[in-house]
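J.: Pasting a structure below so you can have a look.
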Amino acid sequence: MAIALCPGSFDPVTLGHLDIIERTARHFDEVIVAVIRNPQKSQSLFTLEERQSMLAEVTAHIPNIRIEFFKGLLVEFARDHGAESIVKGLRAISDFDYELQMAQMNQRLSGIDTFFISTSPQHSFLSSSLVREVARFGGDVSSMVPPMVAERLAERYGDAAEST
Ligand code: PNS
């Protein structure tokens, strides 16, 4: 069985992530969305459980998917779960240097290959950090995240969005 990992922080999941996850699920028997437990970014907006529950809800229509947490090296998690592929979305050339470096490091460490999917053009500027920033200041993110994530962002930042 061909198992692929889609790893990330997903703080929160965006339509760009969802696009990559859906497309990955068409090419593999099973997709594990691997949510990192302790990203270097110490200040996550959503807890792990919140991120997992949002991911579970917005991917409920995809039958061959599961959501898991991981910490430490991604390739160790991949080995433990029988995954032989990592799939990442590439938004722009600016993603390429770092993604290539990580792919090569992961290949050296484990032999596990990374496959890149080009992000759909309508999502090429999207990132969780920008979405958080826009939402924090009361901007409209409804075209960037699934509706329930937009609701969670609005709840999190409250009715009175920061203006300074
Ligand atoms: O959504 P993000 O924050 O861009 O995801 C980055 C992530 C989690 C995919 C990356 O930081 C990662 O794989 N971390 C695990 C630690 C690891 O294996 N490091 C060596 C990679 S070369």
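Residue numbering restarts at 1 for every chain of the structure tokens, chains are lettered A, B, ... in their displayed order, and ligands are numbered from 1 as they appear.
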Report as JSON lines: every residue of chain A with an atom at most 10 Å from ligand 1, its closest pair of atoms, and their distance in Å to one decimal, counting only C-alpha atoms and all ligand atoms, with rows sorted by chain and ascending residue number.
T.:
{"residue": "A:Leu5", "atom": "CA", "partner": "ligand 1", "partner_atom_place_in_ligand_line": "9 (C)", "distance": 9.7}
{"residue": "A:Cys6", "atom": "CA", "partner": "ligand 1", "partner_atom_place_in_ligand_line": "9 (C)", "distance": 7.9}
{"residue": "A:Pro7", "atom": "CA", "partner": "ligand 1", "partner_atom_place_in_ligand_line": "9 (C)", "distance": 4.7}
{"residue": "A:Gly8", "atom": "CA", "partner": "ligand 1", "partner_atom_place_in_ligand_line": "1 (O)", "distance": 3.4}
{"residue": "A:Ser9", "atom": "CA", "partner": "ligand 1", "partner_atom_place_in_ligand_line": "1 (O)", "distance": 3.9}
{"residue": "A:Phe10", "atom": "CA", "partner": "ligand 1", "partner_atom_place_in_ligand_line": "1 (O)", "distance": 5.7}
{"residue": "A:Asp11", "atom": "CA", "partner": "ligand 1", "partner_atom_place_in_ligand_line": "1 (O)", "distance": 7.7}
{"residue": "A:Pro12", "atom": "CA", "partner": "ligand 1", "partner_atom_place_in_ligand_line": "1 (O)", "distance": 9.4}
{"residue": "A:Val13", "atom": "CA", "partner": "ligand 1", "partner_atom_place_in_ligand_line": "1 (O)", "distance": 9.2}
{"residue": "A:His17", "atom": "CA", "partner": "ligand 1", "partner_atom_place_in_ligand_line": "1 (O)", "distance": 9.1}
{"residue": "A:Ala34", "atom": "CA", "partner": "ligand 1", "partner_atom_place_in_ligand_line": "8 (C)", "distance": 8.0}
{"residue": "A:Val35", "atom": "CA", "partner": "ligand 1", "partner_atom_place_in_ligand_line": "8 (C)", "distance": 7.0}
{"residue": "A:Ile36", "atom": "CA", "partner": "ligand 1", "partner_atom_place_in_ligand_line": "8 (C)", "distance": 5.2}
{"residue": "A:Arg37", "atom": "CA", "partner": "ligand 1", "partner_atom_place_in_ligand_line": "8 (C)", "distance": 8.6}
{"residue": "A:Asn38", "atom": "CA", "partner": "ligand 1", "partner_atom_place_in_ligand_line": "8 (C)", "distance": 8.7}
{"residue": "A:Pro39", "atom": "CA", "partner": "ligand 1", "partner_atom_place_in_ligand_line": "8 (C)", "distance": 6.6}
{"residue": "A:Gln40", "atom": "CA", "partner": "ligand 1", "partner_atom_place_in_ligand_line": "11 (O)", "distance": 7.9}
{"residue": "A:Lys41", "atom": "CA", "partner": "ligand 1", "partner_atom_place_in_ligand_line": "3 (O)", "distance": 7.9}
{"residue": "A:Phe70", "atom": "CA", "partner": "ligand 1", "partner_atom_place_in_ligand_line": "15 (C)", "distance": 8.2}
{"residue": "A:Lys71", "atom": "CA", "partner": "ligand 1", "partner_atom_place_in_ligand_line": "15 (C)", "distance": 6.9}
{"residue": "A:Gly72", "atom": "CA", "partner": "ligand 1", "partner_atom_place_in_ligand_line": "16 (C)", "distance": 5.5}
{"residue": "A:Leu73", "atom": "CA", "partner": "ligand 1", "partner_atom_place_in_ligand_line": "18 (O)", "distance": 3.4}
{"residue": "A:Leu74", "atom": "CA", "partner": "ligand 1", "partner_atom_place_in_ligand_line": "18 (O)", "distance": 3.9}
{"residue": "A:Val75", "atom": "CA", "partner": "ligand 1", "partner_atom_place_in_ligand_line": "18 (O)", "distance": 6.0}
{"residue": "A:Glu76", "atom": "CA", "partner": "ligand 1", "partner_atom_place_in_ligand_line": "18 (O)", "distance": 7.9}
{"residue": "A:Phe77", "atom": "CA", "partner": "ligand 1", "partner_atom_place_in_ligand_line": "18 (O)", "distance": 8.7}
{"residue": "A:Ala78", "atom": "CA", "partner": "ligand 1", "partner_atom_place_in_ligand_line": "18 (O)", "distance": 9.8}
{"residue": "A:Ile86", "atom": "CA", "partner": "ligand 1", "partner_atom_place_in_ligand_line": "9 (C)", "distance": 9.4}
{"residue": "A:Val87", "atom": "CA", "partner": "ligand 1", "partner_atom_place_in_ligand_line": "9 (C)", "distance": 9.7}
{"residue": "A:Lys88", "atom": "CA", "partner": "ligand 1", "partner_atom_place_in_ligand_line": "9 (C)", "distance": 8.2}
{"residue": "A:Gly89", "atom": "CA", "partner": "ligand 1", "partner_atom_place_in_ligand_line": "4 (O)", "distance": 10.0}
{"residue": "A:Asp95", "atom": "CA", "partner": "ligand 1", "partner_atom_place_in_ligand_line": "4 (O)", "distance": 9.7}
{"residue": "A:Tyr98", "atom": "CA", "partner": "ligand 1", "partner_atom_place_in_ligand_line": "22 (S)", "distance": 8.9}
{"residue": "A:Glu99", "atom": "CA", "partner": "ligand 1", "partner_atom_place_in_ligand_line": "22 (S)", "distance": 8.5}
{"residue": "A:Leu100", "atom": "CA", "partner": "ligand 1", "partner_atom_place_in_ligand_line": "22 (S)", "distance": 9.2}
{"residue": "A:Gln101", "atom": "CA", "partner": "ligand 1", "partner_atom_place_in_ligand_line": "22 (S)", "distance": 6.8}
{"residue": "A:Met102", "atom": "CA", "partner": "ligand 1", "partner_atom_place_in_ligand_line": "22 (S)", "distance": 3.8}
{"residue": "A:Ala103", "atom": "CA", "partner": "ligand 1", "partner_atom_place_in_ligand_line": "22 (S)", "distance": 6.6}
{"residue": "A:Gln104", "atom": "CA", "partner": "ligand 1", "partner_atom_place_in_ligand_line": "22 (S)", "distance": 7.5}
{"residue": "A:Met105", "atom": "CA", "partner": "ligand 1", "partner_atom_place_in_ligand_line": "22 (S)", "distance": 4.9}
{"residue": "A:Asn106", "atom": "CA", "partner": "ligand 1", "partner_atom_place_in_ligand_line": "22 (S)", "distance": 5.4}
{"residue": "A:Gln107", "atom": "CA", "partner": "ligand 1", "partner_atom_place_in_ligand_line": "22 (S)", "distance": 8.9}
{"residue": "A:Arg108", "atom": "CA", "partner": "ligand 1", "partner_atom_place_in_ligand_line": "22 (S)", "distance": 9.4}
{"residue": "A:Leu109", "atom": "CA", "partner": "ligand 1", "partner_atom_place_in_ligand_line": "22 (S)", "distance": 8.7}
{"residue": "A:Ser127", "atom": "CA", "partner": "ligand 1", "partner_atom_place_in_ligand_line": "1 (O)", "distance": 8.6}
{"residue": "A:Ser128", "atom": "CA", "partner": "ligand 1", "partner_atom_place_in_ligand_line": "1 (O)", "distance": 7.9}
{"residue": "A:Ser129", "atom": "CA", "partner": "ligand 1", "partner_atom_place_in_ligand_line": "3 (O)", "distance": 9.4}
J.: Using DSSP secondary structure from the backbone, list all strand (DSSP E) positions within stretch 10-160 of chain A, as a list of chain:residue names.
T.: A:Glu30, A:Val31, A:Ile32, A:Val33, A:Ala34, A:Val35, A:Ile36, A:Ile65, A:Arg66, A:Ile67, A:Glu68, A:Phe69, A:Phe70, A:Ser85, A:Ile86, A:Val87, A:Lys88, A:Gly89, A:Leu90, A:Asp113, A:Thr114, A:Phe115, A:Phe116, A:Ile117, A:Ser118
J.: Excluding same-chain residues fewer than 6 positions from stretch 138-144 of chain A, what lies within 12 Å of it counting only C-alpha atoms, as a PyMOL selection string?
T.: chain A and resi 12-19+122-132+150-164
J.: Those selected residues, please, written with N, CA and C atoms and delivered as a tab-separated table (two decimals), in the first residue's frame.
T.:
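What follows is the written file result35.tsv:
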chain	number	residue	atom	x	y	z
A	12	PRO	N	-3.78	28.00	10.88
A	12	PRO	CA	-4.69	26.88	10.67
A	12	PRO	C	-4.56	26.35	9.24
A	13	VAL	N	-5.33	25.27	8.98
A	13	VAL	CA	-5.39	24.72	7.62
A	13	VAL	C	-6.02	25.76	6.69
A	14	THR	N	-5.42	25.92	5.50
A	14	THR	CA	-5.94	26.87	4.50
A	14	THR	C	-6.50	26.10	3.30
A	15	LEU	N	-7.11	26.83	2.39
A	15	LEU	CA	-7.59	26.19	1.16
A	15	LEU	C	-6.41	25.69	0.33
A	16	GLY	N	-5.25	26.32	0.48
A	16	GLY	CA	-4.05	25.85	-0.21
A	16	GLY	C	-3.64	24.48	0.30
A	17	HIS	N	-3.64	24.30	1.62
A	17	HIS	CA	-3.34	22.97	2.19
A	17	HIS	C	-4.34	21.94	1.68
A	18	LEU	N	-5.60	22.31	1.75
A	18	LEU	CA	-6.66	21.36	1.41
A	18	LEU	C	-6.52	20.91	-0.05
A	19	ASP	N	-6.19	21.83	-0.91
A	19	ASP	CA	-5.98	21.51	-2.33
A	19	ASP	C	-4.87	20.46	-2.48
A	122	GLN	N	-4.67	30.02	-7.75
A	122	GLN	CA	-5.51	30.89	-6.89
A	122	GLN	C	-5.08	30.85	-5.43
A	123	HIS	N	-4.21	29.86	-5.08
A	123	HIS	CA	-3.75	29.76	-3.69
A	123	HIS	C	-2.27	30.09	-3.54
A	124	SER	N	-1.64	30.57	-4.59
A	124	SER	CA	-0.17	30.62	-4.57
A	124	SER	C	0.40	31.63	-3.58
A	125	PHE	N	-0.40	32.56	-3.13
A	125	PHE	CA	0.09	33.57	-2.18
A	125	PHE	C	-0.30	33.23	-0.74
A	126	LEU	N	-1.00	32.12	-0.56
A	126	LEU	CA	-1.58	31.82	0.77
A	126	LEU	C	-0.58	31.19	1.72
A	127	SER	N	-0.59	31.63	2.95
A	127	SER	CA	0.13	30.93	4.00
A	127	SER	C	-0.67	31.09	5.28
A	128	SER	N	-0.49	30.15	6.20
A	128	SER	CA	-1.22	30.25	7.46
A	128	SER	C	-0.85	31.53	8.19
A	129	SER	N	0.43	31.91	8.13
A	129	SER	CA	0.84	33.09	8.90
A	129	SER	C	0.20	34.36	8.34
A	130	LEU	N	0.09	34.47	7.02
A	130	LEU	CA	-0.57	35.66	6.46
A	130	LEU	C	-2.06	35.66	6.77
A	131	VAL	N	-2.66	34.47	6.69
A	131	VAL	CA	-4.09	34.37	7.02
A	131	VAL	C	-4.32	34.81	8.47
A	132	ARG	N	-3.45	34.36	9.37
A	132	ARG	CA	-3.59	34.77	10.78
A	132	ARG	C	-3.49	36.28	10.91
A	150	ALA	N	-12.67	29.91	9.06
A	150	ALA	CA	-12.91	31.36	9.15
A	150	ALA	C	-13.68	31.69	10.42
A	151	GLU	N	-14.64	30.83	10.76
A	151	GLU	CA	-15.41	31.04	12.00
A	151	GLU	C	-14.51	30.94	13.23
A	152	ARG	N	-13.66	29.91	13.23
A	152	ARG	CA	-12.75	29.73	14.39
A	152	ARG	C	-11.81	30.92	14.53
A	153	LEU	N	-11.36	31.44	13.39
A	153	LEU	CA	-10.45	32.60	13.44
A	153	LEU	C	-11.19	33.81	14.01
A	154	ALA	N	-12.43	33.98	13.57
A	154	ALA	CA	-13.21	35.13	14.05
A	154	ALA	C	-13.45	35.00	15.55
A	155	GLU	N	-13.75	33.76	15.99
A	155	GLU	CA	-13.95	33.54	17.44
A	155	GLU	C	-12.67	33.84	18.21
A	156	ARG	N	-11.55	33.35	17.65
A	156	ARG	CA	-10.28	33.48	18.35
A	156	ARG	C	-9.86	34.94	18.50
A	157	TYR	N	-10.07	35.68	17.46
A	157	TYR	CA	-9.65	37.08	17.52
A	157	TYR	C	-10.74	37.99	18.06
A	158	GLY	N	-11.94	37.44	18.20
A	158	GLY	CA	-13.00	38.23	18.81
A	158	GLY	C	-13.58	39.22	17.83
A	159	ASP	N	-14.69	39.81	18.25
A	159	ASP	CA	-15.37	40.77	17.38
A	159	ASP	C	-14.52	42.01	17.20
A	160	ALA	N	-13.83	42.38	18.27
A	160	ALA	CA	-13.00	43.60	18.19
A	160	ALA	C	-11.63	43.22	17.69
A	161	ALA	N	-11.46	43.21	16.39
A	161	ALA	CA	-10.15	42.88	15.82
A	161	ALA	C	-9.15	43.98	16.19
A	162	GLU	N	-7.89	43.55	16.33
A	162	GLU	CA	-6.85	44.53	16.67
A	162	GLU	C	-6.72	45.55	15.56
A	163	SER	N	-6.60	46.79	15.92
A	163	SER	CA	-6.45	47.80	14.88
A	163	SER	C	-5.14	48.55	15.01
A	164	THR	N	-4.37	48.23	16.03
A	164	THR	CA	-3.08	48.93	16.17
A	164	THR	C	-1.95	47.91	16.14
J.: Using backbone DSSP assignments, extract all alpha helix (DSSP H) residues from stretch 38-157 of chain A; output them as a ChimeraX atom specification.
T.: /A:48-58,74-80,93-110,128-136,147-157
J.: Rounded to one decimal, what separation in Å do you get between atom CA of A:Val58 and atom CA of A:Thr24?
T.: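 Atom-to-atom, atom CA of A:Val58 to atom CA of A:Thr24, that is 15.1 Å.
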J.: Kindly give the distance, in Å, that separates atom CA of A:Arg91 and atom CA of A:Ser118, rounded to a single decimal.
T.: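 About the pair atom CA of A:Arg91 and atom CA of A:Ser118: they are 6.4 Å apart.
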J.: Mind giving me the straight-line distance from atom CA of A:Gly82 to atom CA of A:Phe115 in Å, one decimal?
T.: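 Answer for the atom CA of A:Gly82 to atom CA of A:Phe115 separation: 16.4 Å.
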J.: Tell me, as a PyMOL selection string, which residues lie within 12 Å of A:Pro63, counting only C-alpha atoms; anything in the same chain fewer than 6 positions away does not count.
T.: chain A and resi 21-22+25-26+28-32+56
